[in-house]
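Scroll down for the structure; my scribbles are underneath it.
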Amino acid sequence: MIKKILFLGLIFLSDKSFSQKFEGLALTPPMGWNSWNTFQTNIDEQLVRGIADVMVSSGMKDAGYSYIVLDDGWMTMERDKTTGDLIPDPKKFPSGMKALIDYVHSKGLKFGLYNCAGTKTCAGYPGTRGYEYQDARFYASLGIDYLKFDWCYTDGINAKEAYATMSKALKTAGHPIVFSLCEWGSNKPWQWAAPVGHLWRTTGDISNVFDGIVDHGTWKQDGIMKIVDAQDSIRQYAGPDHWNDPDMLEVGNGLTVAENRSHFSIWCMLAAPLIAGNDMRKMDESTKNILTDKEVIALDQDPLGIEALRYVKKDSLEIWVKPLSNDNWAVCFLNRGNQPKQIDFDWQNEIVNDPLSKKELNAKTSTYKLRDLWSKKDIGDTKKPLKTTIGVHDVLVVRLTKS
Ligand code: GLA
């Protein structure tokens, strides 16, 4: 008996020490903005203040976006020679990083920074290797809420250990910080990162092209559809407080309106973090309307946190199906092709069984009301087939509510 109690105690202790992150900080996928996709290292305090202001005035905050994350390029090229501390670049941030963070907080928003597990960041600034606990204390002293942690200059470093060390350092520093792993899916973080972080990149860097790969010679960027193709096989690893991250949004960065809509819809179907990457100070109405669509965002933020499954992939048509709370469902018809696509979808003949959630969408035993989320129209119910045409690179996103 005593042996059994000791054994159970050991399991409990080891389990606790394994689950080391701040729990409960990302029960739904994080929403915010990050500087990288549009500005790379051309960042400064004026930009951040402007973004914070427009986050509020444009309705983004009201739609649920809260984090403003400064990516690579916020530091000087060297650490402080005496203390070893990171130094926010005084030319870019003359009023100081703390004052800037206080400003963002005063708007009711949250603030994040970026660094890297290697000896340098990808853009060549000081990395965290060997300074994990010191940097964590620095972030805690600034009061940041989110850390994106990259994977450049990491030759010979074990990813699982490096991310676990930083996670422990953050926890030890004592200030709750969402920990966003960014090692591009190289070490299958979905298999080991849930106790360590709140989200992990699944793939390489996104680009503002709909499909294919952008080849820069020494490195490559993925088009939106290339990233989508890598998600279906890992959906079982994501859920509340531990999300697959297919990278930041390219909505508003040069895609067509239909492509913006498709990209955003699929990210919401995938319960992906929604981190805008556009210049929100200059976004047009259509970009703003897509990014702030509350009904589509509600799919992303559904408390069950179940990623959609790819139910159909036939020619250029894909049908993604996402179980929602209260036995509702979302269905996204995606036309990847270069011609409009006609669909004739008879709900009565399609029984969707989700092997992950064990939920069943069966229009023979239940009737669901249908709402087209982008056109904001109620479009009947599942007793009748859905017949329509989907434009090039466009989507139809339907919410099914049990009647
Ligand atoms: C990597 C990351 C990007 C961005 C850059 C910054 O490429 O994947 O998201 O953070 O580094 O240098």
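Every chain in the structure tokens takes a letter, A first, then B, and so on in the order presented; its residues are numbered from 1, and the ligands are numbered from 1 following the presented order.
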Taking only C-alpha atoms and all ligand atoms into account, report as a PyMOL selection string which residues have an atom no farther than 10 Å from an atom of ligand 1. chain A and resi 34-37+40-41+70-73+114-116+120-125+148-152+181-184+201+203-206+219-221+247-248
Resulting file, chosen residues, C-alpha atoms, as a PDB file, in the first residue's frame:
```pdb
ATOM      1  CA  ASN A  34       2.880  41.174 -35.207  1.00  0.00           C
ATOM      2  CA  SER A  35       5.310  43.510 -36.952  1.00  0.00           C
ATOM      3  CA  TRP A  36       7.249  41.001 -39.079  1.00  0.00           C
ATOM      4  CA  ASN A  37       5.146  40.331 -42.186  1.00  0.00           C
ATOM      5  CA  GLN A  40      10.569  43.200 -40.818  1.00  0.00           C
ATOM      6  CA  THR A  41      13.143  45.027 -38.678  1.00  0.00           C
ATOM      7  CA  LEU A  70       7.293  43.282 -31.789  1.00  0.00           C
ATOM      8  CA  ASP A  71       9.187  40.713 -33.837  1.00  0.00           C
ATOM      9  CA  ASP A  72      12.884  40.676 -34.714  1.00  0.00           C
ATOM     10  CA  GLY A  73      14.837  43.951 -34.703  1.00  0.00           C
ATOM     11  CA  TYR A 114      10.539  38.214 -29.896  1.00  0.00           C
ATOM     12  CA  ASN A 115      13.817  36.424 -29.382  1.00  0.00           C
ATOM     13  CA  CYS A 116      15.473  33.215 -30.417  1.00  0.00           C
ATOM     14  CA  LYS A 120      21.532  35.084 -32.589  1.00  0.00           C
ATOM     15  CA  THR A 121      18.070  35.948 -33.838  1.00  0.00           C
ATOM     16  CA  CYS A 122      17.325  35.264 -37.488  1.00  0.00           C
ATOM     17  CA  ALA A 123      18.143  38.898 -38.311  1.00  0.00           C
ATOM     18  CA  GLY A 124      21.439  38.704 -36.389  1.00  0.00           C
ATOM     19  CA  TYR A 125      20.547  40.361 -33.071  1.00  0.00           C
ATOM     20  CA  LYS A 148       7.725  34.515 -29.607  1.00  0.00           C
ATOM     21  CA  PHE A 149      10.830  32.322 -29.493  1.00  0.00           C
ATOM     22  CA  ASP A 150      12.533  31.509 -32.793  1.00  0.00           C
ATOM     23  CA  TRP A 151      15.015  28.869 -33.952  1.00  0.00           C
ATOM     24  CA  CYS A 152      17.898  30.445 -35.913  1.00  0.00           C
ATOM     25  CA  LEU A 181       7.368  28.446 -30.066  1.00  0.00           C
ATOM     26  CA  CYS A 182       8.672  29.162 -33.543  1.00  0.00           C
ATOM     27  CA  GLU A 183      10.843  26.303 -34.782  1.00  0.00           C
ATOM     28  CA  TRP A 184       8.878  25.933 -38.017  1.00  0.00           C
ATOM     29  CA  ARG A 201       4.609  27.053 -35.485  1.00  0.00           C
ATOM     30  CA  THR A 203       5.533  25.195 -40.843  1.00  0.00           C
ATOM     31  CA  GLY A 204       8.057  27.549 -42.461  1.00  0.00           C
ATOM     32  CA  ASP A 205       7.450  31.250 -42.990  1.00  0.00           C
ATOM     33  CA  ILE A 206       4.248  32.283 -44.693  1.00  0.00           C
ATOM     34  CA  TRP A 219      15.497  29.903 -47.690  1.00  0.00           C
ATOM     35  CA  LYS A 220      11.952  29.415 -48.864  1.00  0.00           C
ATOM     36  CA  GLN A 221       8.578  30.822 -47.953  1.00  0.00           C
ATOM     37  CA  ASP A 247       1.927  31.377 -38.968  1.00  0.00           C
ATOM     38  CA  MET A 248       0.757  34.978 -38.926  1.00  0.00           C
TER      39      MET A 248
END
```
For Asp381 (chain A), work out the shell of residues within 7 Å, counting only C-alpha atoms and skipping chain neighbours fewer than 6 positions away, then give it as a compact mmCIF listing (two decimals) with C-alpha atoms, in the first residue's frame.
```
# COMPACT_ATOMS: atom_id res chain seq x y z
CA THR A 367 -31.96 19.14 -39.08
CA TYR A 368 -29.58 22.08 -39.02
CA LYS A 369 -30.29 25.68 -39.99
CA LEU A 370 -27.70 27.11 -42.38
```
List the spatial neighbours of region 164-169 of chain A as a list of chain:residue names - criterion: any atom at most 9 Å away, only C-alpha atoms, same-chain residues fewer than 2 positions off excluded. A:Gln20, A:Lys21, A:Phe22, A:Ala117, A:Thr128, A:Glu132, A:Tyr133, A:Gln134, A:Asp135, A:Ala136, A:Arg137, A:Phe149, A:Ala159, A:Lys160, A:Glu161, A:Ala162, A:Lys171, A:Thr172, A:Ala173, A:Gly174, A:Phe179, A:Ala193, A:Pro195, A:Val196, A:Gly197
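Look at region 265-274 of chain A: the protein and nucleic acid residues within 6 Å of it, using only C-alpha atoms and passing over chain neighbours fewer than 4 places away, are A:Pro29, A:Pro30, A:Met31, A:Asp245, A:Arg261, A:Leu299, A:Asp300, A:Glu307, A:Ala308.
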Selection to disk with N, CA, C and O atoms, as a PDB file, in the first residue's frame:
```
ATOM      1  N   PRO A  29      -7.497  30.408 -29.211  1.00  0.00           N
ATOM      2  CA  PRO A  29      -6.280  30.813 -29.922  1.00  0.00           C
ATOM      3  C   PRO A  29      -5.984  32.303 -29.744  1.00  0.00           C
ATOM      4  O   PRO A  29      -6.884  33.147 -29.875  1.00  0.00           O
ATOM      5  N   PRO A  30      -4.728  32.656 -29.429  1.00  0.00           N
ATOM      6  CA  PRO A  30      -4.381  34.068 -29.234  1.00  0.00           C
ATOM      7  C   PRO A  30      -4.683  34.894 -30.477  1.00  0.00           C
ATOM      8  O   PRO A  30      -4.539  34.418 -31.604  1.00  0.00           O
ATOM      9  N   MET A  31      -5.105  36.142 -30.252  1.00  0.00           N
ATOM     10  CA  MET A  31      -5.397  37.074 -31.356  1.00  0.00           C
ATOM     11  C   MET A  31      -4.602  38.360 -31.136  1.00  0.00           C
ATOM     12  O   MET A  31      -4.557  38.873 -30.016  1.00  0.00           O
ATOM     13  N   ASP A 245       0.212  26.439 -34.837  1.00  0.00           N
ATOM     14  CA  ASP A 245       0.272  27.812 -35.366  1.00  0.00           C
ATOM     15  C   ASP A 245       0.771  27.786 -36.816  1.00  0.00           C
ATOM     16  O   ASP A 245       1.972  27.618 -37.055  1.00  0.00           O
ATOM     17  N   ARG A 261     -10.187  36.352 -47.930  1.00  0.00           N
ATOM     18  CA  ARG A 261     -11.326  35.715 -47.259  1.00  0.00           C
ATOM     19  C   ARG A 261     -11.048  34.231 -47.016  1.00  0.00           C
ATOM     20  O   ARG A 261     -11.319  33.697 -45.942  1.00  0.00           O
ATOM     21  N   LEU A 299     -15.884  31.067 -34.978  1.00  0.00           N
ATOM     22  CA  LEU A 299     -15.509  29.681 -35.286  1.00  0.00           C
ATOM     23  C   LEU A 299     -14.120  29.400 -34.711  1.00  0.00           C
ATOM     24  O   LEU A 299     -13.866  28.348 -34.129  1.00  0.00           O
ATOM     25  N   ASP A 300     -13.220  30.358 -34.926  1.00  0.00           N
ATOM     26  CA  ASP A 300     -11.845  30.218 -34.433  1.00  0.00           C
ATOM     27  C   ASP A 300     -11.827  30.116 -32.908  1.00  0.00           C
ATOM     28  O   ASP A 300     -11.083  29.329 -32.330  1.00  0.00           O
ATOM     29  N   GLU A 307      -9.867  21.563 -34.174  1.00  0.00           N
ATOM     30  CA  GLU A 307      -9.536  21.965 -35.546  1.00  0.00           C
ATOM     31  C   GLU A 307     -10.427  21.231 -36.543  1.00  0.00           C
ATOM     32  O   GLU A 307     -10.794  20.075 -36.338  1.00  0.00           O
ATOM     33  N   ALA A 308     -10.701  21.908 -37.653  1.00  0.00           N
ATOM     34  CA  ALA A 308     -11.502  21.285 -38.711  1.00  0.00           C
ATOM     35  C   ALA A 308     -10.770  20.092 -39.312  1.00  0.00           C
ATOM     36  O   ALA A 308      -9.550  20.016 -39.277  1.00  0.00           O
TER      37      ALA A 308
END
```
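Distances to Asn42 (chain A) were evaluated for A:Asp241, A:Asp62, A:Asp89, A:Asp293 using only C-alpha atoms, and the minimum falls at A:Asp89.
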Write out as a VMD selection string the residues lying within 7 Å of Tyr311 (chain A), counting only C-alpha atoms and excluding same-chain residues fewer than 6 positions away. chain A and resid 319 to 321
Skip region 388-391 of chain A itself and residues of its chain fewer than 2 positions away, then list as a CSV table (one decimal) with N, CA, C and O atoms, in the first residue's frame all residues within 9 Å of it, counting only C-alpha atoms.
```csv
chain,number,residue,atom,x,y,z
A,258,ALA,N,-10.9,37.7,-52.5
A,258,ALA,CA,-11.3,36.3,-52.3
A,258,ALA,C,-10.2,35.5,-51.5
A,258,ALA,O,-10.5,34.7,-50.6
A,333,PHE,N,-16.4,25.5,-47.7
A,333,PHE,CA,-16.2,25.0,-49.1
A,333,PHE,C,-15.1,25.9,-49.7
A,333,PHE,O,-15.3,27.1,-49.8
A,334,LEU,N,-14.0,25.3,-50.1
A,334,LEU,CA,-12.9,26.1,-50.6
A,334,LEU,C,-12.6,25.8,-52.0
A,334,LEU,O,-12.4,24.6,-52.4
A,335,ASN,N,-12.6,26.8,-52.9
A,335,ASN,CA,-12.2,26.5,-54.3
A,335,ASN,C,-10.8,27.0,-54.5
A,335,ASN,O,-10.5,28.2,-54.6
A,337,GLY,N,-9.1,26.3,-57.2
A,337,GLY,CA,-8.8,26.3,-58.6
A,337,GLY,C,-8.9,27.7,-59.2
A,337,GLY,O,-9.3,28.7,-58.6
A,338,ASN,N,-8.5,27.8,-60.5
A,338,ASN,CA,-8.6,29.0,-61.2
A,338,ASN,C,-9.8,29.2,-62.1
A,338,ASN,O,-9.9,30.1,-63.0
A,339,GLN,N,-10.8,28.4,-61.8
A,339,GLN,CA,-12.1,28.5,-62.5
A,339,GLN,C,-13.2,28.5,-61.4
A,339,GLN,O,-13.0,27.8,-60.3
A,340,PRO,N,-14.3,29.2,-61.6
A,340,PRO,CA,-15.4,29.1,-60.6
A,340,PRO,C,-15.8,27.6,-60.4
A,340,PRO,O,-15.7,26.9,-61.4
A,341,LYS,N,-16.3,27.3,-59.3
A,341,LYS,CA,-16.6,25.9,-59.0
A,341,LYS,C,-18.1,25.8,-58.6
A,341,LYS,O,-18.5,26.5,-57.7
A,342,GLN,N,-18.8,24.9,-59.3
A,342,GLN,CA,-20.2,24.7,-58.9
A,342,GLN,C,-20.3,23.6,-57.8
A,342,GLN,O,-19.6,22.6,-58.0
A,343,ILE,N,-21.1,23.8,-56.8
A,343,ILE,CA,-21.3,22.8,-55.9
A,343,ILE,C,-22.7,22.4,-55.7
A,343,ILE,O,-23.6,23.2,-55.9
A,344,ASP,N,-22.9,21.1,-55.5
A,344,ASP,CA,-24.3,20.6,-55.2
A,344,ASP,C,-24.1,19.6,-54.1
A,344,ASP,O,-23.7,18.5,-54.3
A,345,PHE,N,-24.3,20.1,-52.9
A,345,PHE,CA,-23.9,19.3,-51.7
A,345,PHE,C,-25.2,18.9,-51.0
A,345,PHE,O,-25.9,19.7,-50.4
A,386,LEU,N,-27.4,22.0,-51.0
A,386,LEU,CA,-26.8,23.3,-51.1
A,386,LEU,C,-26.2,23.4,-52.5
A,386,LEU,O,-25.3,22.7,-52.9
A,393,HIS,N,-10.5,30.9,-56.0
A,393,HIS,CA,-9.8,31.0,-54.7
A,393,HIS,C,-10.7,31.6,-53.6
A,393,HIS,O,-10.2,32.2,-52.7
A,394,ASP,N,-11.9,31.3,-53.7
A,394,ASP,CA,-12.9,31.9,-52.7
A,394,ASP,C,-13.4,30.7,-51.8
A,394,ASP,O,-13.2,29.5,-52.1
A,395,VAL,N,-14.2,31.1,-50.9
A,395,VAL,CA,-14.8,30.2,-50.0
A,395,VAL,C,-16.3,30.4,-49.8
A,395,VAL,O,-16.8,31.6,-50.0
A,396,LEU,N,-17.0,29.4,-49.3
A,396,LEU,CA,-18.4,29.6,-48.7
A,396,LEU,C,-18.2,29.0,-47.3
A,396,LEU,O,-17.8,27.8,-47.2
```
Please indicate the distance in Å from CA of Ser66 (chain A) to CA of Lys110 (chain A), rounded to one decimal place. 5.6 Å
Please run DSSP on the backbone and report, as a VMD selection string, all residues within region 140-360 of chain A that come out as alpha helix (DSSP H). chain A and resid 140 to 142 159 to 173 224 to 228 257 to 269 285 to 291 294 to 300
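Minimum atom-to-atom distance to Ile275 (chain A), evaluated using only C-alpha atoms, belongs to A:Leu249 out of A:Leu170, A:Ala26, A:Val296, A:Leu249.
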Go through region 31-110 of chain A and collect every residue that DSSP, computed from the backbone, puts in strand (DSSP E); the answer should be as a PyMOL selection string. chain A and resi 31-34+67-69+110
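Neighbouring residues of Ile87 (chain A) at 7 Å or closer, counting only C-alpha atoms and skipping chain neighbours under 3 positions away, are Met75, Thr76, Arg79 and Asp80 of chain A.
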